[in-house]
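For reference, the structure discussed in these notes is given below.
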Amino acid sequence: MIFISGFFNFVTCISYTWRPIGVFLMILVVPLISQSQVQIGDDIDLIDYSNPIEYEIGGITVSGVQYLDQNVLVLLSGLKVGDRIKVPGQEITQAIKKLWDQGLFENIRISISKIQGDLIFLDIYLEERPRLSKFSFKGVKKTEADKLREDMRLVRGDVVTDNLLMRVQNTIKRYYSDKGFLNAEVDIEQVQDTTRPNNVSLVLKIDKNSRIKIYNINIYGNKDLSAQQLKRAFKETKEKGIFNPLNDAEILFFDIVKDVLHLQFMDIIGDFQVWADENMRIRLFKSSKFIEEDYQEDRKKLINKYHSLGYRDASILKDSIYPHDDKSINIDIYLNEGDKYYFRNITWVGNTKYTNEQLDQVLKIKKGDIYNRDVLETNLNFNQTGPDVSSLYLDDGYLFFSVNPVEVLVENDSIDIEIRIREGRQATVNRVSVRGNTKTNDHVIMREVRTRPGQLFSRSDIIRTIRELGQLGYFDAESITPDVVPDPEKGNVDITYAVEETSADQIELSGGWGYGRIIGTLGVSFNNFSLRNMFNKEAWKPIPSGDGQRLSLRVQSYGRGYISYSASFTEPWLGGKKPNAFSVSYYHSNYTNGLDRDHINYASFKINGLSFGLGRRLKWPDDYFTLYQGINLQRYDLHNWSRIVSEGTGTGFYNNFSYNVILGRSSITPSPTYPRGGSDISLSLKLTPPYSLFSEKDYATLDPAEKYRWIEYHKWKVKASFFQEIAEKLVMHARVKYGFLGKYNNDIGVTPFERFYLGGDGLTGYNQMDGREIIGMRGYDQPRLISPDIIQNSGVGGTAYAKYTLELRYPLSLNPMSTIYVMGFLEAGNNWVSFKDFNPFEVYRSAGVGVRIFLPMFGMLGLDWGYGFDDPLIPDVNGGGNFHFSINQSID
């Protein structure tokens with residue numbers, strides 16, 4: 001057997017790695033072998049490469065392979081028995097190329113087995129590349145190795161090619177580069193697997209080396225903006241922190257003295273800023289690692305900074321990144337600021353619905369304003385903080401509306417804008433549907449939808465629908481997406497709301513230590529319950545759900561001393577046609593001193609309660625308002641319990657029948673889990689009938705058991721929360737709360753029930769047995785804060801309280817299955833026994849930090865550390881540093 005195409009293999013291999021060399025070798029080698037001879041049996045034929053001979057393929061064999069199907073390989077080569085080919089010719093070369101392109105082989109030869117007349121028999125010799133048996137890491141942590149495995153997507157049986165090895169190496173380097181390790185080194189060792197023929201295992205040896213940080217960012221070419229102003233535009237790319245206060249201090253001193261002697265006092269600030277930039281760079285929340293992707297985004301933000309100030313032609317001429325030392329780099333950026341421009345004449349074209357004056361009023365740009373293309377586009381198309389031109393049209397059905405601002409004249413430093421409007425015709429809503437709801441029934445979603453078939457299209461109705469669906473708590477508020485499909489020919493539009501279900505049910509399982517006892521709690525809340533499917537066994541998966549009803553069950557105990565249980569049910573759409581929320585609840589608690597019932601000192605406190613409520617959404621002043629009304633029936637049974645009613649024997653029955661009304665307005669968005677905007681305001685009144693006004697009894701001389709038998713009071717509360725996103729995802733939250741408990745009869749005084757208690761984490765537990773309301777306040781460990789002027793009454797709750805909170809929140813995760821955010825807070829508040837002592841500025845103060853974790857199964861969990869600045873002067877109540885744990889925003 002004589003091989004005729006070895007050089008084809010060689011040249012072909014070379015040509016795919018470096019084509020110029022391959023072409024050169026082909027030109028050089030072909031003449032040299034054109035006279036080579038091929039031995040076929042006892043015959044010697046001369047193969048003339050300048051005159052190829054045509055043969056018919058009589059047969060094809062495959063040799064060298066052990067694990068691949070030979071018929072498939074012949075098929076992949078493109079050669080077939082019966083084909084006529086020229087020898088030498090392009091057919092052989094193309095066959096080698098096709099096999100090589102499969103990436104499965106590291107050596108390919110096609111040879112002549114024999115020639116019979118005009119029949120030629122070929123043999124394809126292939127050496128297979130090894131396959132991957134397994135791979136392992138050296139030099140990295142397990143968590144990093146797990147993440148790399150996901151990114152590399154290697155599986156057993158992959159052919160180990162040069163391309164695969166290069167991909168693995170690039171993936172690893174890219175992974176560490178994104179973490180700031182720009183000089184990571186990867187060495188891939190192939191080890192023959194002795195248990196599997198033609199298999200290798202890869203050992204990935206990784207040396208991350210030091211994390212590369214940014215030492216200096218040098219900006220050149222800036223004239224009107226300082227380097228510090230421009231560096232602040234970088235959100236992720238930050239310089240390495242430096243704290244060398246004594247470095248160059250003498251230079252700063254002499255520069256300041258020189259400025260004073262020359263009466264150049266404003267230059268002192270500039271000298272100090274230059275010195276501080278070089279020696280006092282402090283980085284608390286942002287690292288200085290270099291991430292290429294973040295750097296490219298920050299380059300855009302830098303130019304946007306210029307554009308927002310009127311420098312429409314600003315650009316980055318070039319930049320360079322080079323080592324500062326082994327662990328840091330420098331970045332040089334060269335800018336062209338260009339000229340500063342201003343708006344001059346703004347004209348409207350194509351508007352018939354609204355006048356120029358009306359559009360100018362919404363646009364809010366006047367002649368002489370700094371030219372800012374972003375502000376122009378925002379006020380034309382989508383302004384999240386106010387009205388825009390598009391909303392005027394899109395909220396009135398003009399779905400096919402379009403607006404295009406065009407620069408028609410640039411003269412000196414002024415720009416004339418022509419805003420071209422195409423109003424189109426009004427569109428009506430044709431069909432509204434929902435998709436993605438795997439558990440919640442369609443009617444539960446559709447009753448919250450504001451876009452109805454037959455109505456004019458309205459963008460604000462779509463935005464409001466997204467908010468209402470997010471408020472339900474059944475879906476991921478961040479992923480609710482409207483799919484708007486217009487039909488210009490028919491003048492209508494189909495709208496589909498895409499939702500993603502998330503778990504709404506919650507479980508509370510906790511144990512804790514309080515008031516010298518171990519307290520255990522078990523509670524469940526089914527927030528998307530279906531009462532009508534209670535007796536449908538197929539609906540128990542694991543419980544009937546999908547109708548948006550709420551069922552809550554809770555039990556709390558610490559042994560024989562205390563037990564409490566409650567159940568509540570809420571139907572948010574009573575009757576199914578209007579958002580009238582009906583609720584009913586029952587609760588029972590029994591607290592004792594732990595002694596046997598027949599003991600002479602046995603004491604107990606029992607409560608039985610039943611409440612009914614009806615809430616509805618109002619249409620005036622706007623449909624963000626809600627009105628709730630409820631009736632509460634409570635009966636207290638005290639036996640030898642003098643801690644609440646301190647006068648008398650502490651034995652008797654007390655009735656608390658009250659009416660409750662709450663007027664509220666909530667516009668928080670996008671979800672109650674992590675609001676970024678809007679407000680939540682409520683005014684509530686809870687009152688009992690004024691029994692004493694209809695009685696002729698002398699309440700001043702009555703026994704306490706008789707005096708308080710029919711509890712009477714009126715209780716007022718005001719709550720207001722405001723949310724504002726001051727930067728991307730960074731939210732400022734301001735909250736204020738007031739509460740007042742009043743009386744009808746001076747002889748009875750203010751009831752000892754329903755009092756306010758301020759301080760601690762706000763968790764109620766069994767200490768809410770007398771109807772007391774516990775208002776959490778961080779920095780103080782017990783809910784017994786009271787005005788310092790009346791410390792002698794510190795065991796009694798207050799009749800008036802005030803609490804103020806200011807929080808700065810930032811999310812670590814907005815995943816609906818585990819929302820996490822951190823916060824810093826300032827807090828102040830106080831509690832007064834008598835309303836006449838109320839002073840909203842006489843408060844206890846605290847500050848601290850905290851974290852909130854929302855898990856659908858458990859609700860909102862919180863951990864805070866607060867520092868109380870003021871000494872409460874109350875026994876067993878401590879300020880200073882205190883940790884607080886909260887459940888479902890009990891401390892808020």
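The chains in the structure tokens are called A, B, ... from first to last as shown; in each chain the residues are counted from 1, and the ligands are counted from 1 in the order shown.
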
Per-residue DSSP, range 329-472 of chain A, filtered to helix (DSSP H, G or I), as an NGL selection string: :A and (356-363 or 373-381 or 389-394 or 442-446 or 459-472)

Could those residues be written to a file, using N, CA and C atoms, as a CSV table (one decimal), in the first residue's frame?
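Listing of again_26.csv after writing:
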```
chain,number,residue,atom,x,y,z
A,356,ASN,N,-50.1,74.4,21.0
A,356,ASN,CA,-48.7,74.5,21.3
A,356,ASN,C,-48.5,74.9,22.7
A,357,GLU,N,-49.3,75.8,23.2
A,357,GLU,CA,-49.2,76.2,24.6
A,357,GLU,C,-49.4,75.1,25.6
A,358,GLN,N,-50.3,74.2,25.3
A,358,GLN,CA,-50.6,73.1,26.2
A,358,GLN,C,-49.4,72.1,26.2
A,359,LEU,N,-48.8,71.9,25.0
A,359,LEU,CA,-47.7,71.0,24.9
A,359,LEU,C,-46.4,71.6,25.5
A,360,ASP,N,-46.3,72.9,25.4
A,360,ASP,CA,-45.1,73.6,26.0
A,360,ASP,C,-45.2,73.5,27.5
A,361,GLN,N,-46.4,73.5,28.1
A,361,GLN,CA,-46.5,73.4,29.5
A,361,GLN,C,-46.1,72.1,30.1
A,362,VAL,N,-46.4,71.0,29.3
A,362,VAL,CA,-46.0,69.7,29.7
A,362,VAL,C,-44.5,69.4,29.4
A,363,LEU,N,-44.0,70.0,28.4
A,363,LEU,CA,-42.6,69.8,28.0
A,363,LEU,C,-41.7,70.4,29.0
A,373,ARG,N,-30.5,66.4,26.0
A,373,ARG,CA,-31.3,65.6,25.2
A,373,ARG,C,-32.1,64.6,26.0
A,374,ASP,N,-31.5,64.1,27.1
A,374,ASP,CA,-32.3,63.1,28.0
A,374,ASP,C,-33.5,63.7,28.5
A,375,VAL,N,-33.4,65.0,29.0
A,375,VAL,CA,-34.6,65.6,29.6
A,375,VAL,C,-35.7,65.8,28.5
A,376,LEU,N,-35.2,66.2,27.3
A,376,LEU,CA,-36.2,66.3,26.2
A,376,LEU,C,-36.9,65.0,25.9
A,377,GLU,N,-36.1,63.9,25.8
A,377,GLU,CA,-36.8,62.6,25.5
A,377,GLU,C,-37.7,62.2,26.6
A,378,THR,N,-37.2,62.4,27.9
A,378,THR,CA,-38.0,62.0,29.0
A,378,THR,C,-39.4,62.7,29.1
A,379,ASN,N,-39.3,64.0,28.9
A,379,ASN,CA,-40.6,64.8,28.9
A,379,ASN,C,-41.5,64.6,27.7
A,380,LEU,N,-40.9,64.0,26.7
A,380,LEU,CA,-41.7,63.7,25.5
A,380,LEU,C,-42.3,62.3,25.6
A,381,ASN,N,-41.6,61.4,26.2
A,381,ASN,CA,-42.0,60.0,26.1
A,381,ASN,C,-42.4,59.3,27.4
A,389,VAL,N,-45.5,64.4,27.3
A,389,VAL,CA,-46.3,64.6,26.1
A,389,VAL,C,-47.0,63.3,25.6
A,390,SER,N,-46.3,62.2,25.7
A,390,SER,CA,-46.9,61.0,25.2
A,390,SER,C,-48.1,60.6,26.0
A,391,SER,N,-48.0,60.8,27.4
A,391,SER,CA,-49.1,60.4,28.2
A,391,SER,C,-50.4,61.1,27.9
A,392,LEU,N,-50.3,62.4,27.4
A,392,LEU,CA,-51.5,63.1,27.0
A,392,LEU,C,-52.2,62.4,25.9
A,393,TYR,N,-51.5,61.8,25.0
A,393,TYR,CA,-52.1,61.1,23.9
A,393,TYR,C,-52.4,59.7,24.2
A,394,LEU,N,-51.4,59.0,24.8
A,394,LEU,CA,-51.6,57.5,25.1
A,394,LEU,C,-52.7,57.3,26.1
A,442,ASP,N,-58.2,33.0,36.8
A,442,ASP,CA,-58.2,34.1,35.9
A,442,ASP,C,-59.1,35.2,36.5
A,443,HIS,N,-60.2,34.9,37.0
A,443,HIS,CA,-61.1,35.9,37.5
A,443,HIS,C,-60.5,36.8,38.6
A,444,VAL,N,-59.6,36.1,39.4
A,444,VAL,CA,-59.0,36.9,40.5
A,444,VAL,C,-58.1,38.0,39.9
A,445,ILE,N,-57.4,37.6,38.8
A,445,ILE,CA,-56.5,38.6,38.1
A,445,ILE,C,-57.3,39.6,37.4
A,446,MET,N,-58.3,39.2,36.6
A,446,MET,CA,-59.1,40.1,35.7
A,446,MET,C,-59.8,41.1,36.5
A,459,ARG,N,-52.5,54.2,28.6
A,459,ARG,CA,-51.2,53.7,29.1
A,459,ARG,C,-51.2,53.8,30.7
A,460,SER,N,-51.9,54.8,31.2
A,460,SER,CA,-51.9,54.9,32.7
A,460,SER,C,-52.7,53.8,33.3
A,461,ASP,N,-53.7,53.3,32.5
A,461,ASP,CA,-54.5,52.1,33.0
A,461,ASP,C,-53.6,50.9,33.1
A,462,ILE,N,-52.7,50.7,32.1
A,462,ILE,CA,-51.8,49.6,32.1
A,462,ILE,C,-50.9,49.7,33.3
A,463,ILE,N,-50.3,50.8,33.5
A,463,ILE,CA,-49.4,51.0,34.6
A,463,ILE,C,-50.1,50.7,35.9
A,464,ARG,N,-51.3,51.2,36.1
A,464,ARG,CA,-52.1,51.0,37.3
A,464,ARG,C,-52.4,49.5,37.5
A,465,THR,N,-52.7,48.8,36.4
A,465,THR,CA,-52.9,47.4,36.5
A,465,THR,C,-51.7,46.6,37.0
A,466,ILE,N,-50.5,47.0,36.4
A,466,ILE,CA,-49.3,46.3,36.9
A,466,ILE,C,-49.1,46.5,38.4
A,467,ARG,N,-49.4,47.7,38.9
A,467,ARG,CA,-49.3,48.0,40.3
A,467,ARG,C,-50.3,47.2,41.1
A,468,GLU,N,-51.5,47.1,40.7
A,468,GLU,CA,-52.5,46.3,41.4
A,468,GLU,C,-52.2,44.9,41.4
A,469,LEU,N,-51.7,44.3,40.3
A,469,LEU,CA,-51.3,42.9,40.3
A,469,LEU,C,-50.2,42.6,41.2
A,470,GLY,N,-49.2,43.6,41.3
A,470,GLY,CA,-48.1,43.4,42.2
A,470,GLY,C,-48.5,43.5,43.6
A,471,GLN,N,-49.5,44.3,43.9
A,471,GLN,CA,-50.0,44.4,45.3
A,471,GLN,C,-50.6,43.2,45.8
A,472,LEU,N,-51.1,42.3,44.9
A,472,LEU,CA,-51.8,41.1,45.4
A,472,LEU,C,-50.9,40.2,46.2
```

Taking 6 positions as the minimum chain separation for residues in the same chain, which residues sit within 8 Å of range 632-636 of chain A when counting only C-alpha atoms? Answer as a ChimeraX atom specification. /A:605-612,653-660

Which residues are near range 229-235 of chain A? Cut-off 8 Å, only C-alpha atoms, ignore same chain within fewer than 5 positions. Put them as a tab-separated table (two decimals) with N, CA and C atoms, in the first residue's frame.
```tsv
chain	number	residue	atom	x	y	z
A	217	ILE	N	-7.33	57.11	38.41
A	217	ILE	CA	-8.04	57.42	37.16
A	217	ILE	C	-7.65	58.84	36.79
A	298	ASP	N	-19.52	52.67	32.58
A	298	ASP	CA	-19.17	53.93	33.22
A	298	ASP	C	-18.64	54.95	32.22
A	299	ARG	N	-18.02	54.50	31.17
A	299	ARG	CA	-17.60	55.42	30.10
A	299	ARG	C	-18.83	56.12	29.50
A	301	LYS	N	-21.66	56.58	31.06
A	301	LYS	CA	-22.20	57.49	32.08
A	301	LYS	C	-21.41	58.78	32.14
A	302	LEU	N	-20.11	58.70	31.90
A	302	LEU	CA	-19.28	59.89	31.87
A	302	LEU	C	-19.72	60.84	30.77
A	305	LYS	N	-23.00	62.40	31.53
A	305	LYS	CA	-22.84	63.51	32.47
A	305	LYS	C	-22.61	64.81	31.71
```

I'd like to know which of A:Asn247, A:Asn218, A:Asn878, A:Thr355 is closest to Tyr322 in chain A, using only C-alpha atoms. A:Asn218

Could you list, as a count of residues only, every residue within 10 Å of Ser433 in chain A, counting only C-alpha atoms and ignoring same-chain residues fewer than 4 positions away? 11

Figure out the distance between CA of Asp703 in chain A and CA of Pro689 in chain A, please, to one decimal in Å.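 Distance between the two atoms: 20.5 Å.
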
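Summary of the local environment: counting only C-alpha atoms, residues at most 7 Å from Leu808 in chain A, other than itself and those fewer than 5 positions away along its chain, are Val731, Met732, His733, Met823, Gly824 and Phe825 of chain A.
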
Within 7 Å of Gly491 in chain A, counting only C-alpha atoms, which residues show up once you throw out same-chain ones fewer than 2 positions away? Write them as an MDAnalysis selection string, please. chainID A and resid 426:428 487:489

Go ahead and save the picked residues with N, CA, C and O atoms, as a PDB file, in the first residue's frame.
```pdb
ATOM      1  N   GLN A 426     -57.508  57.110  17.389  1.00  0.00           N
ATOM      2  CA  GLN A 426     -57.683  56.489  18.686  1.00  0.00           C
ATOM      3  C   GLN A 426     -57.918  54.991  18.526  1.00  0.00           C
ATOM      4  O   GLN A 426     -58.577  54.544  17.586  1.00  0.00           O
ATOM      5  N   ALA A 427     -57.388  54.226  19.466  1.00  0.00           N
ATOM      6  CA  ALA A 427     -57.526  52.771  19.447  1.00  0.00           C
ATOM      7  C   ALA A 427     -58.351  52.319  20.644  1.00  0.00           C
ATOM      8  O   ALA A 427     -58.252  52.892  21.740  1.00  0.00           O
ATOM      9  N   THR A 428     -59.162  51.303  20.419  1.00  0.00           N
ATOM     10  CA  THR A 428     -59.951  50.721  21.498  1.00  0.00           C
ATOM     11  C   THR A 428     -59.373  49.356  21.876  1.00  0.00           C
ATOM     12  O   THR A 428     -58.739  48.689  21.063  1.00  0.00           O
ATOM     13  N   ASP A 487     -53.420  46.668  16.273  1.00  0.00           N
ATOM     14  CA  ASP A 487     -53.864  46.364  14.908  1.00  0.00           C
ATOM     15  C   ASP A 487     -54.221  47.692  14.245  1.00  0.00           C
ATOM     16  O   ASP A 487     -55.361  48.173  14.375  1.00  0.00           O
ATOM     17  N   PRO A 488     -53.268  48.321  13.552  1.00  0.00           N
ATOM     18  CA  PRO A 488     -53.530  49.645  12.968  1.00  0.00           C
ATOM     19  C   PRO A 488     -54.680  49.648  11.969  1.00  0.00           C
ATOM     20  O   PRO A 488     -55.390  50.656  11.848  1.00  0.00           O
ATOM     21  N   GLU A 489     -54.876  48.548  11.251  1.00  0.00           N
ATOM     22  CA  GLU A 489     -55.937  48.521  10.247  1.00  0.00           C
ATOM     23  C   GLU A 489     -57.318  48.589  10.893  1.00  0.00           C
ATOM     24  O   GLU A 489     -58.201  49.293  10.419  1.00  0.00           O
TER      25      GLU A 489
END
```

At a cut-off of 9 Å, using only C-alpha atoms, what residues contact Met534 in chain A? Leave out same-chain residues fewer than 4 positions from it and give the result as a tab-separated table (two decimals) with N, CA, C and O atoms, in the first residue's frame.
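Output below, filename part.tsv:
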```tsv
chain	number	residue	atom	x	y	z
A	530	SER	N	-59.02	29.12	48.57
A	530	SER	CA	-60.27	28.94	47.84
A	530	SER	C	-61.26	28.19	48.72
A	530	SER	O	-61.17	26.97	48.88
A	539	ALA	N	-58.82	19.47	44.59
A	539	ALA	CA	-58.25	20.81	44.75
A	539	ALA	C	-57.24	20.89	45.88
A	539	ALA	O	-56.56	21.90	46.02
A	540	TRP	N	-57.11	19.83	46.66
A	540	TRP	CA	-56.16	19.86	47.79
A	540	TRP	C	-54.76	19.53	47.29
A	540	TRP	O	-54.34	18.38	47.28
A	543	ILE	N	-53.46	22.49	49.50
A	543	ILE	CA	-54.70	23.07	50.01
A	543	ILE	C	-55.45	23.68	48.83
A	543	ILE	O	-54.85	23.99	47.78
A	544	PRO	N	-56.76	23.90	48.95
A	544	PRO	CA	-57.49	24.58	47.87
A	544	PRO	C	-56.99	26.02	47.72
A	544	PRO	O	-56.88	26.75	48.71
```

Measuring between only C-alpha atoms, which one of A:Phe835, A:Trp620, A:Tyr295, A:Tyr55 shows the shortest distance to Lys743 in chain A? A:Phe835

Hey, could you make a per-residue contact list for range 339-421 of chain A against range 308-311 of chain A with 8 Å as the cut-off, showing the nearest pair of atoms and its distance in Å to one decimal, counting only C-alpha atoms, sorted by chain and number, as CSV?
```
residue,atom,partner,partner_atom,distance
A:Asp339,CA,A:Tyr311,CA,5.8
A:Lys340,CA,A:Tyr311,CA,4.6
A:Tyr341,CA,A:Gly310,CA,5.0
A:Tyr342,CA,A:Gly310,CA,6.6
A:Ile370,CA,A:Gly310,CA,5.4
A:Tyr371,CA,A:Gly310,CA,4.5
A:Asn372,CA,A:Ser308,CA,4.9
A:Arg373,CA,A:Ser308,CA,7.2
A:Asp374,CA,A:Ser308,CA,6.9
A:Val375,CA,A:Ser308,CA,7.9
```

Could you please take those selected residues and save N, CA, C and O atoms as a compact mmCIF listing (two decimals), in the first residue's frame?
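Printed below is again_39.txt as written:
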```
# COMPACT_ATOMS: atom_id res chain seq x y z
N ASP A 339 -18.33 72.26 22.89
CA ASP A 339 -18.97 73.50 23.35
C ASP A 339 -20.23 73.18 24.14
O ASP A 339 -20.84 72.12 24.00
N LYS A 340 -20.65 74.14 24.95
CA LYS A 340 -21.88 74.01 25.72
C LYS A 340 -23.01 74.65 24.93
O LYS A 340 -22.89 75.77 24.43
N TYR A 341 -24.14 73.93 24.84
CA TYR A 341 -25.27 74.38 24.03
C TYR A 341 -26.50 74.64 24.88
O TYR A 341 -26.63 74.12 26.00
N TYR A 342 -27.40 75.44 24.29
CA TYR A 342 -28.65 75.81 24.96
C TYR A 342 -29.82 75.64 23.99
O TYR A 342 -29.67 75.74 22.78
N ILE A 370 -30.36 74.89 29.49
CA ILE A 370 -29.22 74.09 29.05
C ILE A 370 -29.71 72.93 28.20
O ILE A 370 -30.68 72.25 28.55
N TYR A 371 -29.04 72.69 27.10
CA TYR A 371 -29.46 71.63 26.19
C TYR A 371 -29.19 70.27 26.83
O TYR A 371 -28.06 69.91 27.13
N ASN A 372 -30.27 69.52 27.02
CA ASN A 372 -30.18 68.18 27.62
C ASN A 372 -31.10 67.27 26.85
O ASN A 372 -32.32 67.31 27.00
N ARG A 373 -30.50 66.43 26.02
CA ARG A 373 -31.30 65.55 25.18
C ARG A 373 -32.11 64.55 26.01
O ARG A 373 -33.24 64.21 25.64
N ASP A 374 -31.54 64.09 27.13
CA ASP A 374 -32.26 63.13 27.96
C ASP A 374 -33.52 63.74 28.55
O ASP A 374 -34.58 63.08 28.60
N VAL A 375 -33.43 64.97 29.02
CA VAL A 375 -34.62 65.63 29.57
C VAL A 375 -35.67 65.82 28.49
O VAL A 375 -36.87 65.62 28.72
```

When DSSP works through the backbone of this structure, what residues of range 342-551 of chain A end up as strand (DSSP E or B), shown as number ranges by chain? A: 342-349, 370, 402-411, 414-422, 428-435, 456, 475, 481-487, 492-498, 501, 506-514, 517-529, 545, 549-551

Given the choices A:Asn590, A:Ser545, A:Asn209, A:Asn528, which gets closest to Tyr565 in chain A if the distance is worked out from only C-alpha atoms?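 Ranking A:Asn590, A:Ser545, A:Asn209, A:Asn528 by distance to Tyr565 in chain A, first place goes to A:Asn590.
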
Identify which of the residues A:Ser210, A:Ser111, A:Ser604, A:Asn593 lies closest to Gly650 in chain A, counting only C-alpha atoms when measuring atom-to-atom distances.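 With only C-alpha atoms as the atom set, the closest residue is A:Ser604.
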
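Among the candidate residues A:Val833, A:Gly615, A:Ser666, A:Pro675, the one lying nearest to Phe740 in chain A is A:Val833, with distances computed using only C-alpha atoms.
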
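What separates CA of Arg550 in chain A from CA of Phe858 in chain A is a distance of 15.3 Å.
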